[in-house]
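> Structure incoming, see below.
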Protein chains: 2
Amino acid sequence: MGTTGGPGGRRVGRPRVSQRPDSGLTPRAELLTAAADLFTTRGYAATTTRTIAERAGMRQASMYHYVSGKEELLAELLESTVTPSLTYARGLLADDVTPAEGRLWELCRTDVELLCGGPHNLGGLYLLPEVRAERFAGFHAVRAELKDTYRQLLAATDAGGALAKSELDLRTDLLFGLIEGVILVHRSDPERPVSAFAEATADAALRIAGI
Amino acid sequence: MGTTGGPGGRRVGRPRVSQRPDSGLTPRAELLTAAADLFTTRGYAATTTRTIAERAGMRQASMYHYVSGKEELLAELLESTVTPSLTYARGLLADDVTPAEGRLWELCRTDVELLCGGPHNLGGLYLLPEVRAERFAGFHAVRAELKDTYRQLLAATDAGGALAKSELDLRTDLLFGLIEGVILVHRSDPERPVSAFAEATADAALRIAGI
């Protein structure tokens, strides 16, 4: 992102309060990028809407043309960590040719790549106390549907099909726990190449599932 | 904790600003309990030292007789999530009678019970951006030593002993990722009985390890 132009010495440290950066992003995307960076490095509660607006190169008042506030930005960032996986998972569920074992493995691999692949560790925001609020029901619904897709794919495998419902639910939780647990692993070692790690995690997930 | 006595209508909602609760805890333990509750429900950044002090039944100025501030409380809470497991793990490492497979299983089970067993989901604090700071080096060191104990126990198993170092490190990360991932699973379903879940997670961890 460009940092040229504008007077220096502003409180936030970047000289672009009244000037859009030349990133090519839409104002809304610029706000999301700024929020992702600030929420994951300074923390959600410690970040003000003013700081987000300034980082995105606009005044605070202009920001409200694009978003209702930082809760909306957080909700959209959280949903962006699960929606692509869910779309992919729905396609895998509809595939009645590939064996379920292979489809479950692909879902695990893709999900890990998504969680570890972006420039920000957005999964770290899952544990914010604020995320329990009703405002984030959309995120929780998408995440629950994604988890249910794991359960359905697991149930379609030979090993999963032999399990009682309570045991199937438990294995789904453990499998999904491993996949989301990569958020913590990735946080400890952000430099690890994602691709091989995603495949190893998918292998481990299938071992958990008993496949 | 008792809530009797004291005038009502205070800002924080609990009538004990200048009165210690009759919980039987030391002032420091009272502060830690208050901080654990506030950090996990309202969030770390959103919690003031004043609120912690009032919840613990003392004035803000008195609090500084016992702790240096909320960073110290957070550091101690974080360390409390790993130190008991590390103590237990050191004992397991020194045990040269029980097979390594059984010791690794016991460590997994105990660690999950610890992470899910307390009244607060303190593991959720691991992902706070603030925790990256130098102030929390003690927590990171204890956590790294705990993870290294997992690695050593895994290496002592037949399956782990056959692995190259890079593969052993990766399996350790996945195994430790599953154990810490229970923080997210527990958050989604806090009512689940911990004991059976801890055993199932330990079984799954050994399957990940290839045991």
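By convention here, the chains of the structure tokens are called A, B, ... in the order presented, each chain's residues are numbered starting at 1, and ligands are numbered starting at 1 in the order presented.
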Could you give me the residues within region 8-185 of chain A that DSSP places in helix (DSSP H, G or I), as a ChimeraX atom specification?

/A:27-41,49-55,60-63,70-80,83-94,100-117,122-127,129-132,134-156,158-161,165-185

> Output the contact residues of chain A with respect to chain B at a cut-off of 7 Å, based on only C-alpha atoms, as a VMD selection string.

chain A and resid 40 to 43 45 to 46 124 127 to 129 173 to 174 177 to 178 180 to 182 184 to 185 201 204 207 to 208

> Could you tell me which of B:Met63, B:Leu107, B:Ala56, B:Leu32 comes closest to Glu76 (chain B) if we count only C-alpha atoms?

B:Leu32

> Find the residues around Ser195 (chain A) up to 12 Å (only C-alpha atoms counted), leave out those fewer than 3 positions away in its own chain, and share them as a PyMOL selection string.

chain A and resi 108-117+191-192+198-202

> Dump C-alpha atoms for the selected residues as a PDB file, in the first residue's frame?


```
ATOM      1  CA  CYS A 108      -9.783 -30.813   5.851  1.00  0.00           C
ATOM      2  CA  ARG A 109      -6.900 -29.787   3.608  1.00  0.00           C
ATOM      3  CA  THR A 110      -8.798 -26.883   2.069  1.00  0.00           C
ATOM      4  CA  ASP A 111     -10.031 -25.629   5.421  1.00  0.00           C
ATOM      5  CA  VAL A 112      -6.526 -25.623   6.920  1.00  0.00           C
ATOM      6  CA  GLU A 113      -5.194 -23.773   3.876  1.00  0.00           C
ATOM      7  CA  LEU A 114      -7.918 -21.183   4.333  1.00  0.00           C
ATOM      8  CA  LEU A 115      -7.338 -20.771   8.077  1.00  0.00           C
ATOM      9  CA  CYS A 116      -3.554 -20.489   7.710  1.00  0.00           C
ATOM     10  CA  GLY A 117      -3.270 -19.008   4.261  1.00  0.00           C
ATOM     11  CA  GLU A 191       6.490 -19.211   8.907  1.00  0.00           C
ATOM     12  CA  ARG A 192       5.710 -22.883   8.291  1.00  0.00           C
ATOM     13  CA  ALA A 198      -2.479 -28.698   5.407  1.00  0.00           C
ATOM     14  CA  GLU A 199      -1.907 -32.167   3.906  1.00  0.00           C
ATOM     15  CA  ALA A 200      -0.381 -33.513   7.128  1.00  0.00           C
ATOM     16  CA  THR A 201      -3.319 -32.149   9.129  1.00  0.00           C
ATOM     17  CA  ALA A 202      -5.785 -33.785   6.734  1.00  0.00           C
TER      18      ALA A 202
END
```

> Ranking A:Leu154, A:Ile211, A:Leu122, A:Ala29 by minimum distance to Ser80 (chain A) and counting only C-alpha atoms, which one comes first?

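Ranked by minimum distance to Ser80 (chain A), first place goes to A:Leu122.
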
> Just the number, please: distance in Å from CA of Leu77 (chain A) to CA of Ala36 (chain A), one decimal.

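CA of Leu77 (chain A) sits 7.1 Å away from CA of Ala36 (chain A).
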
> Taking only C-alpha atoms into account, name the residue in B:Arg28, B:Arg151, B:His120, B:Arg135 that is nearest to Tyr66 (chain B).

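The answer is B:Arg28, which sits nearest to Tyr66 (chain B).
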
> Which residue is closest to Phe139 (chain A)? Choose from A:Ser23, A:Val67, A:Leu31, A:Thr83 and count only C-alpha atoms.

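Nearest to Phe139 (chain A): A:Thr83.
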
> One decimal, in Å: what's the spacing between CA of Asp37 (chain B) and CA of Pro119 (chain B)?

8.6 Å
